[in-house]
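> So here's target.cif (mmCIF, N, CA and C atoms).
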data_my_file
#
loop_
_atom_site.label_atom_id
_atom_site.label_comp_id
_atom_site.auth_asym_id
_atom_site.auth_seq_id
_atom_site.Cartn_x
_atom_site.Cartn_y
_atom_site.Cartn_z
N GLN A 1 36.10 -12.30 -76.43
CA GLN A 1 35.82 -13.59 -75.82
C GLN A 1 36.64 -14.67 -76.52
N VAL A 2 37.36 -15.45 -75.74
CA VAL A 2 38.18 -16.52 -76.29
C VAL A 2 37.29 -17.66 -76.75
N GLN A 3 37.48 -18.08 -77.99
CA GLN A 3 36.68 -19.16 -78.52
C GLN A 3 37.51 -20.00 -79.48
N LEU A 4 37.34 -21.32 -79.38
CA LEU A 4 37.93 -22.26 -80.32
C LEU A 4 36.80 -23.04 -80.97
N VAL A 5 36.89 -23.20 -82.28
CA VAL A 5 35.84 -23.90 -83.01
C VAL A 5 36.48 -24.96 -83.90
N GLU A 6 36.10 -26.21 -83.68
CA GLU A 6 36.59 -27.31 -84.50
C GLU A 6 35.64 -27.55 -85.69
N SER A 7 36.21 -28.00 -86.78
CA SER A 7 35.41 -28.38 -87.94
C SER A 7 36.14 -29.47 -88.71
N GLY A 8 35.41 -30.09 -89.63
CA GLY A 8 36.03 -31.08 -90.50
C GLY A 8 35.72 -32.52 -90.16
N GLY A 9 34.99 -32.74 -89.07
CA GLY A 9 34.65 -34.11 -88.72
C GLY A 9 33.63 -34.68 -89.69
N GLY A 10 33.39 -35.98 -89.55
CA GLY A 10 32.41 -36.63 -90.41
C GLY A 10 32.52 -38.13 -90.35
N LEU A 11 31.87 -38.77 -91.30
CA LEU A 11 31.87 -40.23 -91.41
C LEU A 11 32.78 -40.63 -92.56
N VAL A 12 33.68 -41.56 -92.29
CA VAL A 12 34.62 -42.01 -93.31
C VAL A 12 34.85 -43.51 -93.14
N GLN A 13 35.20 -44.17 -94.22
CA GLN A 13 35.47 -45.60 -94.15
C GLN A 13 36.89 -45.84 -93.66
N ARG A 14 37.11 -47.04 -93.15
CA ARG A 14 38.45 -47.45 -92.74
C ARG A 14 39.44 -47.19 -93.86
N GLY A 15 40.58 -46.61 -93.48
CA GLY A 15 41.60 -46.29 -94.46
C GLY A 15 41.46 -44.91 -95.07
N GLY A 16 40.37 -44.25 -94.79
CA GLY A 16 40.13 -42.93 -95.35
C GLY A 16 40.85 -41.83 -94.58
N SER A 17 40.59 -40.60 -95.00
CA SER A 17 41.25 -39.43 -94.41
C SER A 17 40.24 -38.35 -94.06
N LEU A 18 40.58 -37.59 -93.06
CA LEU A 18 39.84 -36.39 -92.69
C LEU A 18 40.83 -35.32 -92.28
N ARG A 19 40.41 -34.08 -92.45
CA ARG A 19 41.25 -32.96 -92.07
C ARG A 19 40.46 -32.09 -91.10
N LEU A 20 40.88 -32.08 -89.86
CA LEU A 20 40.22 -31.27 -88.83
C LEU A 20 40.90 -29.91 -88.72
N SER A 21 40.08 -28.89 -88.51
CA SER A 21 40.61 -27.55 -88.30
C SER A 21 40.15 -27.01 -86.96
N CYS A 22 41.02 -26.26 -86.34
CA CYS A 22 40.72 -25.57 -85.09
C CYS A 22 40.91 -24.08 -85.36
N ALA A 23 39.82 -23.34 -85.35
CA ALA A 23 39.87 -21.91 -85.61
C ALA A 23 39.70 -21.14 -84.31
N ALA A 24 40.41 -20.04 -84.20
CA ALA A 24 40.37 -19.23 -82.98
C ALA A 24 39.68 -17.91 -83.25
N SER A 25 38.94 -17.46 -82.27
CA SER A 25 38.40 -16.10 -82.32
C SER A 25 38.59 -15.47 -80.95
N GLY A 26 38.75 -14.16 -80.96
CA GLY A 26 38.96 -13.46 -79.70
C GLY A 26 40.41 -13.38 -79.28
N PHE A 27 41.29 -14.09 -80.01
CA PHE A 27 42.71 -14.02 -79.72
C PHE A 27 43.48 -14.51 -80.94
N THR A 28 44.77 -14.21 -80.96
CA THR A 28 45.63 -14.64 -82.05
C THR A 28 46.30 -15.94 -81.66
N LEU A 29 46.02 -16.94 -82.46
CA LEU A 29 46.45 -18.29 -82.13
C LEU A 29 47.97 -18.48 -82.20
N ASP A 30 48.64 -17.60 -82.96
CA ASP A 30 50.08 -17.72 -83.20
C ASP A 30 50.90 -17.95 -81.94
N TYR A 31 50.50 -17.30 -80.85
CA TYR A 31 51.37 -17.24 -79.68
C TYR A 31 51.22 -18.43 -78.73
N TYR A 32 50.31 -19.34 -79.05
CA TYR A 32 49.94 -20.34 -78.04
C TYR A 32 50.04 -21.77 -78.55
N ALA A 33 50.39 -22.64 -77.64
CA ALA A 33 50.36 -24.06 -77.94
C ALA A 33 48.92 -24.52 -78.12
N ILE A 34 48.74 -25.48 -79.00
CA ILE A 34 47.41 -26.05 -79.26
C ILE A 34 47.50 -27.56 -79.14
N GLY A 35 46.53 -28.13 -78.48
CA GLY A 35 46.45 -29.57 -78.36
C GLY A 35 45.17 -30.09 -78.99
N TRP A 36 45.26 -31.30 -79.54
CA TRP A 36 44.08 -32.01 -80.02
C TRP A 36 43.85 -33.20 -79.10
N PHE A 37 42.61 -33.40 -78.70
CA PHE A 37 42.23 -34.49 -77.82
C PHE A 37 41.02 -35.19 -78.43
N ARG A 38 40.75 -36.37 -77.94
CA ARG A 38 39.56 -37.08 -78.39
C ARG A 38 38.96 -37.85 -77.22
N GLN A 39 37.64 -38.08 -77.34
CA GLN A 39 36.95 -38.85 -76.31
C GLN A 39 35.93 -39.74 -77.00
N ALA A 40 36.11 -41.03 -76.83
CA ALA A 40 35.17 -42.01 -77.35
C ALA A 40 34.15 -42.34 -76.26
N PRO A 41 32.97 -42.82 -76.65
CA PRO A 41 31.94 -43.15 -75.65
C PRO A 41 32.45 -44.12 -74.60
N GLY A 42 32.24 -43.77 -73.35
CA GLY A 42 32.64 -44.64 -72.26
C GLY A 42 34.12 -44.63 -71.94
N LYS A 43 34.88 -43.76 -72.62
CA LYS A 43 36.32 -43.71 -72.39
C LYS A 43 36.73 -42.32 -71.93
N GLU A 44 37.91 -42.26 -71.32
CA GLU A 44 38.42 -40.97 -70.88
C GLU A 44 38.96 -40.18 -72.07
N ARG A 45 39.01 -38.87 -71.89
CA ARG A 45 39.60 -38.02 -72.91
C ARG A 45 41.10 -38.31 -73.01
N GLU A 46 41.61 -38.42 -74.22
CA GLU A 46 43.03 -38.69 -74.40
C GLU A 46 43.67 -37.67 -75.33
N GLY A 47 44.92 -37.37 -75.06
CA GLY A 47 45.66 -36.47 -75.92
C GLY A 47 46.04 -37.16 -77.22
N VAL A 48 45.87 -36.48 -78.32
CA VAL A 48 46.17 -37.04 -79.64
C VAL A 48 47.44 -36.41 -80.21
N SER A 49 47.50 -35.09 -80.16
CA SER A 49 48.65 -34.39 -80.73
C SER A 49 48.69 -32.98 -80.19
N CYS A 50 49.86 -32.37 -80.24
CA CYS A 50 49.97 -30.96 -79.86
C CYS A 50 51.07 -30.31 -80.67
N ILE A 51 51.01 -28.98 -80.71
CA ILE A 51 52.02 -28.21 -81.43
C ILE A 51 52.32 -26.96 -80.62
N SER A 52 53.59 -26.65 -80.49
CA SER A 52 53.99 -25.48 -79.72
C SER A 52 53.68 -24.19 -80.48
N SER A 53 53.79 -23.08 -79.79
CA SER A 53 53.47 -21.78 -80.41
C SER A 53 54.38 -21.51 -81.61
N SER A 54 55.64 -21.90 -81.50
CA SER A 54 56.57 -21.65 -82.60
C SER A 54 56.59 -22.77 -83.62
N ALA A 55 55.81 -23.81 -83.37
CA ALA A 55 55.72 -25.00 -84.26
C ALA A 55 57.01 -25.80 -84.29
N ASP A 56 57.93 -25.53 -83.37
CA ASP A 56 59.18 -26.30 -83.37
C ASP A 56 59.05 -27.60 -82.58
N THR A 57 57.95 -27.75 -81.88
CA THR A 57 57.71 -28.98 -81.11
C THR A 57 56.33 -29.52 -81.46
N THR A 58 56.28 -30.79 -81.79
CA THR A 58 55.02 -31.49 -81.97
C THR A 58 55.12 -32.83 -81.26
N TRP A 59 53.98 -33.29 -80.75
CA TRP A 59 53.91 -34.60 -80.09
C TRP A 59 52.70 -35.34 -80.62
N TYR A 60 52.82 -36.66 -80.65
CA TYR A 60 51.72 -37.51 -81.08
C TYR A 60 51.56 -38.67 -80.13
N ALA A 61 50.32 -39.04 -79.90
CA ALA A 61 50.07 -40.28 -79.16
C ALA A 61 50.57 -41.45 -80.01
N GLY A 62 51.02 -42.50 -79.33
CA GLY A 62 51.54 -43.64 -80.05
C GLY A 62 50.55 -44.26 -81.02
N SER A 63 49.28 -44.18 -80.65
CA SER A 63 48.23 -44.80 -81.48
C SER A 63 48.01 -44.09 -82.80
N VAL A 64 48.49 -42.84 -82.93
CA VAL A 64 48.25 -42.08 -84.17
C VAL A 64 49.54 -41.70 -84.88
N LYS A 65 50.66 -41.97 -84.26
CA LYS A 65 51.94 -41.57 -84.84
C LYS A 65 52.13 -42.22 -86.20
N GLY A 66 52.54 -41.41 -87.15
CA GLY A 66 52.73 -41.90 -88.52
C GLY A 66 51.49 -41.80 -89.37
N ARG A 67 50.34 -41.56 -88.74
CA ARG A 67 49.08 -41.44 -89.49
C ARG A 67 48.52 -40.03 -89.43
N PHE A 68 48.72 -39.34 -88.31
CA PHE A 68 48.19 -37.99 -88.12
C PHE A 68 49.33 -36.98 -88.20
N THR A 69 49.00 -35.78 -88.72
CA THR A 69 49.98 -34.71 -88.78
C THR A 69 49.33 -33.41 -88.33
N ILE A 70 49.97 -32.74 -87.39
CA ILE A 70 49.47 -31.46 -86.90
C ILE A 70 50.29 -30.33 -87.52
N SER A 71 49.62 -29.23 -87.84
CA SER A 71 50.32 -28.09 -88.41
C SER A 71 49.53 -26.83 -88.07
N ARG A 72 50.20 -25.71 -88.21
CA ARG A 72 49.51 -24.45 -87.95
C ARG A 72 49.64 -23.53 -89.14
N ASP A 73 48.58 -22.76 -89.37
CA ASP A 73 48.56 -21.75 -90.42
C ASP A 73 48.23 -20.42 -89.74
N ASN A 74 49.26 -19.70 -89.38
CA ASN A 74 49.05 -18.47 -88.62
C ASN A 74 48.31 -17.42 -89.43
N ALA A 75 48.48 -17.43 -90.74
CA ALA A 75 47.77 -16.46 -91.57
C ALA A 75 46.26 -16.65 -91.48
N LYS A 76 45.85 -17.91 -91.28
CA LYS A 76 44.42 -18.21 -91.18
C LYS A 76 43.97 -18.36 -89.74
N ASN A 77 44.92 -18.21 -88.81
CA ASN A 77 44.60 -18.34 -87.39
C ASN A 77 43.99 -19.71 -87.08
N THR A 78 44.56 -20.74 -87.67
CA THR A 78 44.03 -22.09 -87.47
C THR A 78 45.15 -23.09 -87.22
N VAL A 79 44.78 -24.20 -86.61
CA VAL A 79 45.64 -25.36 -86.47
C VAL A 79 44.90 -26.54 -87.08
N THR A 80 45.61 -27.32 -87.88
CA THR A 80 44.99 -28.42 -88.61
C THR A 80 45.53 -29.76 -88.14
N LEU A 81 44.65 -30.73 -88.11
CA LEU A 81 45.05 -32.11 -87.81
C LEU A 81 44.67 -32.96 -89.02
N GLN A 82 45.67 -33.35 -89.79
CA GLN A 82 45.44 -34.21 -90.95
C GLN A 82 45.47 -35.66 -90.48
N MET A 83 44.38 -36.37 -90.72
CA MET A 83 44.26 -37.75 -90.23
C MET A 83 44.14 -38.69 -91.43
N ASN A 84 45.12 -39.55 -91.58
CA ASN A 84 45.15 -40.51 -92.68
C ASN A 84 45.06 -41.94 -92.13
N SER A 85 44.77 -42.86 -93.00
CA SER A 85 44.70 -44.28 -92.64
C SER A 85 43.83 -44.49 -91.40
N LEU A 86 42.68 -43.89 -91.43
CA LEU A 86 41.80 -43.93 -90.25
C LEU A 86 41.31 -45.33 -89.96
N LYS A 87 41.14 -45.61 -88.67
CA LYS A 87 40.70 -46.90 -88.18
C LYS A 87 39.42 -46.72 -87.38
N PRO A 88 38.61 -47.75 -87.25
CA PRO A 88 37.40 -47.63 -86.43
C PRO A 88 37.69 -47.17 -85.00
N GLU A 89 38.84 -47.53 -84.46
CA GLU A 89 39.18 -47.12 -83.09
C GLU A 89 39.53 -45.64 -82.99
N ASP A 90 39.60 -44.93 -84.12
CA ASP A 90 39.78 -43.48 -84.10
C ASP A 90 38.45 -42.75 -83.91
N THR A 91 37.36 -43.49 -83.92
CA THR A 91 36.04 -42.89 -83.73
C THR A 91 35.95 -42.22 -82.37
N ALA A 92 35.59 -40.93 -82.36
CA ALA A 92 35.52 -40.17 -81.12
C ALA A 92 35.08 -38.75 -81.45
N VAL A 93 34.79 -38.00 -80.41
CA VAL A 93 34.65 -36.56 -80.55
C VAL A 93 36.04 -35.96 -80.36
N TYR A 94 36.44 -35.12 -81.30
CA TYR A 94 37.76 -34.51 -81.28
C TYR A 94 37.64 -33.05 -80.84
N TYR A 95 38.52 -32.67 -79.93
CA TYR A 95 38.53 -31.33 -79.36
C TYR A 95 39.90 -30.69 -79.57
N CYS A 96 39.91 -29.38 -79.78
CA CYS A 96 41.17 -28.65 -79.69
C CYS A 96 41.12 -27.78 -78.45
N ALA A 97 42.31 -27.46 -77.96
CA ALA A 97 42.40 -26.72 -76.71
C ALA A 97 43.67 -25.89 -76.69
N THR A 98 43.65 -24.84 -75.87
CA THR A 98 44.83 -24.02 -75.69
C THR A 98 44.98 -23.64 -74.22
N ASP A 99 46.21 -23.28 -73.84
CA ASP A 99 46.45 -22.88 -72.46
C ASP A 99 46.52 -21.36 -72.30
N LEU A 100 46.58 -20.65 -73.43
CA LEU A 100 46.70 -19.19 -73.43
C LEU A 100 47.89 -18.70 -72.60
N LEU A 101 48.95 -19.50 -72.56
CA LEU A 101 50.21 -19.06 -71.95
C LEU A 101 51.11 -18.62 -73.09
N LYS A 102 51.26 -17.32 -73.22
CA LYS A 102 51.89 -16.75 -74.41
C LYS A 102 53.32 -17.21 -74.59
N GLU A 103 53.57 -17.81 -75.75
CA GLU A 103 54.92 -18.22 -76.17
C GLU A 103 55.58 -19.18 -75.18
N LYS A 104 54.78 -19.95 -74.50
CA LYS A 104 55.34 -20.99 -73.63
C LYS A 104 56.04 -22.02 -74.49
N PRO A 105 57.27 -22.41 -74.12
CA PRO A 105 57.98 -23.41 -74.92
C PRO A 105 57.29 -24.76 -74.87
N GLY A 106 57.33 -25.45 -75.99
CA GLY A 106 56.85 -26.82 -76.01
C GLY A 106 55.34 -26.95 -75.96
N CYS A 107 54.87 -28.17 -75.78
CA CYS A 107 53.45 -28.47 -75.62
C CYS A 107 53.34 -29.84 -74.97
N GLY A 108 52.13 -30.15 -74.48
CA GLY A 108 51.95 -31.44 -73.83
C GLY A 108 50.63 -32.09 -74.21
N LEU A 109 50.50 -33.36 -73.89
CA LEU A 109 49.29 -34.12 -74.22
C LEU A 109 48.40 -34.38 -73.02
N GLY A 110 48.66 -33.69 -71.92
CA GLY A 110 47.79 -33.84 -70.76
C GLY A 110 46.67 -32.82 -70.80
N SER A 111 45.44 -33.28 -70.63
CA SER A 111 44.30 -32.36 -70.71
C SER A 111 44.35 -31.32 -69.60
N PHE A 112 45.02 -31.64 -68.48
CA PHE A 112 45.11 -30.70 -67.38
C PHE A 112 45.92 -29.46 -67.73
N GLU A 113 46.69 -29.53 -68.82
CA GLU A 113 47.54 -28.41 -69.22
C GLU A 113 46.78 -27.34 -69.98
N TYR A 114 45.54 -27.61 -70.32
CA TYR A 114 44.79 -26.71 -71.18
C TYR A 114 43.54 -26.18 -70.47
N ASP A 115 43.27 -24.92 -70.70
CA ASP A 115 42.17 -24.26 -69.99
C ASP A 115 41.00 -23.90 -70.89
N TYR A 116 41.22 -23.79 -72.19
CA TYR A 116 40.18 -23.35 -73.10
C TYR A 116 39.97 -24.42 -74.16
N TRP A 117 38.71 -24.80 -74.33
CA TRP A 117 38.36 -25.93 -75.17
C TRP A 117 37.29 -25.55 -76.18
N GLY A 118 37.36 -26.17 -77.35
CA GLY A 118 36.28 -26.04 -78.31
C GLY A 118 35.14 -26.98 -77.95
N GLN A 119 34.10 -26.96 -78.78
CA GLN A 119 32.91 -27.77 -78.50
C GLN A 119 33.03 -29.19 -79.04
N GLY A 120 34.00 -29.42 -79.89
CA GLY A 120 34.25 -30.75 -80.41
C GLY A 120 33.61 -30.99 -81.77
N THR A 121 34.19 -31.94 -82.50
CA THR A 121 33.64 -32.36 -83.79
C THR A 121 33.70 -33.89 -83.84
N GLN A 122 32.63 -34.50 -84.31
CA GLN A 122 32.52 -35.96 -84.30
C GLN A 122 33.25 -36.55 -85.50
N VAL A 123 34.06 -37.55 -85.22
CA VAL A 123 34.71 -38.35 -86.26
C VAL A 123 34.24 -39.78 -86.09
N THR A 124 33.70 -40.33 -87.16
CA THR A 124 33.24 -41.72 -87.13
C THR A 124 33.89 -42.48 -88.28
N VAL A 125 34.56 -43.57 -87.95
CA VAL A 125 35.23 -44.40 -88.95
C VAL A 125 34.53 -45.74 -88.99
N SER A 126 33.96 -46.06 -90.13
CA SER A 126 33.23 -47.33 -90.27
C SER A 126 34.17 -48.42 -90.77
N SER A 127 33.82 -49.64 -90.41
CA SER A 127 34.64 -50.77 -90.82
C SER A 127 34.08 -51.42 -92.07
#
Would you kindly transcribe this structure into structure tokens?

Amino acid sequence: QVQLVESGGGLVQRGGSLRLSCAASGFTLDYYAIGWFRQAPGKEREGVSCISSSADTTWYAGSVKGRFTISRDNAKNTVTLQMNSLKPEDTAVYYCATDLLKEKPGCGLGSFEYDYWGQGTQVTVSS
């Protein structure tokens, strides 16, 4: 059974850091693009970052560029989102997702591109 599980969320003050992890079970994450998305209360889900299967392509939303870094650790079957200089507007539930299209080049920030989603992890940044 394909499953993605996010972890690492929590409460942090403005300017702080959090490290989110997306762990896969039921499949080997190496071969697939992974996207990170977030959804704040009353707002639509938005793409935050993605990384291609080969890690040669990464994309970031303009609002997080320079503060967030996505990476993959194939040995641990995980993808990590390092979030620095956090702002209150980063508060949201964060989700990771995959399309399970093996070795597809590139990645995208559109939620429609992904078919399998984790349950999400809450990130709250206080001012």
> Carefully work through the PyMOL selection byres ((chain A and resi 49-55) around 6) for this structure and note down the residues it includes, as a list in words.
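Applied to this file, the PyMOL selection byres ((chain A and resi 49-55) around 6) returns Asp30, Tyr31, Tyr32, Ala33, Ile34, Gly35, Trp36, Phe37, Gly47, Val48, Asp56, Thr57, Thr58, Trp59, Tyr60, Ala61, Glu103, Lys104, Pro105, Gly106, Cys107 and Gly108 of chain A.
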> Pick the closest to Lys87 in chain A from A:Ser126, A:Ser7, A:Gln1, A:Ser25: which is it, counting only N, CA and C atoms?
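Ranked by minimum distance to Lys87 in chain A, first place goes to A:Ser126.
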> Could you write out, as JSON, numbers by chain, all the residues of chain A that DSSP marks as strand (DSSP E or B)?
{"A": [3, 4, 5, 6, 7, 10, 11, 12, 13, 18, 19, 20, 21, 22, 23, 24, 25, 34, 35, 36, 37, 38, 39, 46, 47, 48, 49, 50, 51, 58, 59, 60, 68, 69, 70, 71, 72, 73, 78, 79, 80, 81, 82, 83, 92, 93, 94, 95, 96, 97, 98, 116, 117, 121, 122, 123, 124, 125, 126]}
> Determine, counting all atoms listed in the file, every residue of protein, DNA or RNA that lies within 7 Å of (43.6, -45.7, -94.4) in the file coordinates, then give the result as a VMD selection string.
chain A and resid 13 to 17 84 to 87
> One decimal, in Å: what's the spacing between CA of Leu109 in chain A and atom C of Ser127 in chain A?
29.1 Å
> To box range 23-26 of chain A, take all atoms listed in the file, fit an axis-aligned box, add 6 Å on each side, and give centre and edge lengths in Å to one decimal, as lines of an AutoDock Vina configuration file.

center_x = 39.4
center_y = -18.4
center_z = -82.4
size_x = 14.0
size_y = 22.0
size_z = 18.3
> Taking 3 positions as the minimum chain separation for residues in the same chain, which residues sit within 7 Å of range 75-80 of chain A when counting all atoms listed in the file? Answer as number ranges by chain.
A: 19-24, 28-30, 69-72
> In Å, with one decimal, what is the gap from atom C of Val125 in chain A to CA of Lys43 in chain A?
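Separation between atom C of Val125 in chain A and CA of Lys43 in chain A: 16.8 Å.
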> Need to verify the contact set: Gln39 in chain A, 7 Å, all atoms listed in the file, exclusion of same-chain residues closer than 4 positions in sequence. Can you return it as a JSON list (two decimals) with N, CA and C atoms, in the frame of the given file?

[["chain", "number", "residue", "atom", "x", "y", "z"],
["A", 43, "LYS", "N", 34.88, -43.76, -72.62],
["A", 43, "LYS", "CA", 36.32, -43.71, -72.39],
["A", 43, "LYS", "C", 36.73, -42.32, -71.93],
["A", 44, "GLU", "N", 37.91, -42.26, -71.32],
["A", 44, "GLU", "CA", 38.42, -40.97, -70.88],
["A", 44, "GLU", "C", 38.96, -40.18, -72.07],
["A", 45, "ARG", "N", 39.01, -38.87, -71.89],
["A", 45, "ARG", "CA", 39.60, -38.02, -72.91],
["A", 45, "ARG", "C", 41.10, -38.31, -73.01],
["A", 46, "GLU", "N", 41.61, -38.42, -74.22],
["A", 46, "GLU", "CA", 43.03, -38.69, -74.40],
["A", 46, "GLU", "C", 43.67, -37.67, -75.33],
["A", 91, "THR", "N", 37.36, -43.49, -83.92],
["A", 91, "THR", "CA", 36.04, -42.89, -83.73],
["A", 91, "THR", "C", 35.95, -42.22, -82.37],
["A", 92, "ALA", "N", 35.59, -40.93, -82.36],
["A", 92, "ALA", "CA", 35.52, -40.17, -81.12],
["A", 92, "ALA", "C", 35.08, -38.75, -81.45],
["A", 93, "VAL", "N", 34.79, -38.00, -80.41],
["A", 93, "VAL", "CA", 34.65, -36.56, -80.55],
["A", 93, "VAL", "C", 36.04, -35.96, -80.36],
["A", 94, "TYR", "N", 36.44, -35.12, -81.30],
["A", 94, "TYR", "CA", 37.76, -34.51, -81.28],
["A", 94, "TYR", "C", 37.64, -33.05, -80.84],
["A", 95, "TYR", "N", 38.52, -32.67, -79.93],
["A", 95, "TYR", "CA", 38.53, -31.33, -79.36],
["A", 95, "TYR", "C", 39.90, -30.69, -79.57]]
> In Å, how far is it from CA of Gly42 in chain A to CA of Gln82 in chain A?
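Separation of CA of Gly42 in chain A and CA of Gln82 in chain A: 24.9 Å.
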> Out of A:Gly66, A:Cys96, A:Val12, A:Gln3, which residue has the shortest atom-to-atom distance to Gly120 in chain A when counting only C-alpha atoms?
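Distance minimum relative to Gly120 in chain A lands on A:Cys96.
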> May I have the residues within 6 Å of Tyr114 in chain A as a list in words, using all atoms listed in the file and disregarding those fewer than 2 positions away in the same chain?
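Contacts, with the query itself left out: Ala97, Thr98, Asp99, Gly110, Ser111, Phe112 and Tyr116 of chain A.
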> Which residue out of A:Leu11, A:Leu100, A:Leu81, A:Val64 has the minimum interatomic distance to Gly26 in chain A when only C-alpha atoms are used?
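Of the candidates, the smallest distance to Gly26 in chain A is held by A:Leu100.
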> In the coordinates of the file, take the point (35.2, -22.7, -75.6) and a cut-off of 7 Å; then, counting all atoms listed in the file, name each qualifying protein, DNA or RNA residue as an MDAnalysis selection string.
chainID A and resid 2:5 116:119
> Ranking A:Glu89, A:Asp73, A:Glu6, A:Glu113 by minimum distance to Pro41 in chain A and counting only C-alpha atoms, which one comes first?
A:Glu89
> List, as number ranges by chain, every residue that the PyMOL selection byres (((chain A and resi 10 and name CA) around 7) and name CA) selects in the file provided.
A: 8-9, 11-12, 122-124
> Take the residues from that selection and write them out as a PDB file, keeping the file's coordinate frame, keeping N, CA and C atoms.

ATOM      1  N   GLY A   8      35.410 -30.090 -89.630  1.00  0.00           N
ATOM      2  CA  GLY A   8      36.030 -31.080 -90.500  1.00  0.00           C
ATOM      3  C   GLY A   8      35.720 -32.520 -90.160  1.00  0.00           C
ATOM      4  N   GLY A   9      34.990 -32.740 -89.070  1.00  0.00           N
ATOM      5  CA  GLY A   9      34.650 -34.110 -88.720  1.00  0.00           C
ATOM      6  C   GLY A   9      33.630 -34.680 -89.690  1.00  0.00           C
ATOM      7  N   LEU A  11      31.870 -38.770 -91.300  1.00  0.00           N
ATOM      8  CA  LEU A  11      31.870 -40.230 -91.410  1.00  0.00           C
ATOM      9  C   LEU A  11      32.780 -40.630 -92.560  1.00  0.00           C
ATOM     10  N   VAL A  12      33.680 -41.560 -92.290  1.00  0.00           N
ATOM     11  CA  VAL A  12      34.620 -42.010 -93.310  1.00  0.00           C
ATOM     12  C   VAL A  12      34.850 -43.510 -93.140  1.00  0.00           C
ATOM     13  N   GLN A 122      32.630 -34.500 -84.310  1.00  0.00           N
ATOM     14  CA  GLN A 122      32.520 -35.960 -84.300  1.00  0.00           C
ATOM     15  C   GLN A 122      33.250 -36.550 -85.500  1.00  0.00           C
ATOM     16  N   VAL A 123      34.060 -37.550 -85.220  1.00  0.00           N
ATOM     17  CA  VAL A 123      34.710 -38.350 -86.260  1.00  0.00           C
ATOM     18  C   VAL A 123      34.240 -39.780 -86.090  1.00  0.00           C
ATOM     19  N   THR A 124      33.700 -40.330 -87.160  1.00  0.00           N
ATOM     20  CA  THR A 124      33.240 -41.720 -87.130  1.00  0.00           C
ATOM     21  C   THR A 124      33.890 -42.480 -88.280  1.00  0.00           C
TER      22      THR A 124
END
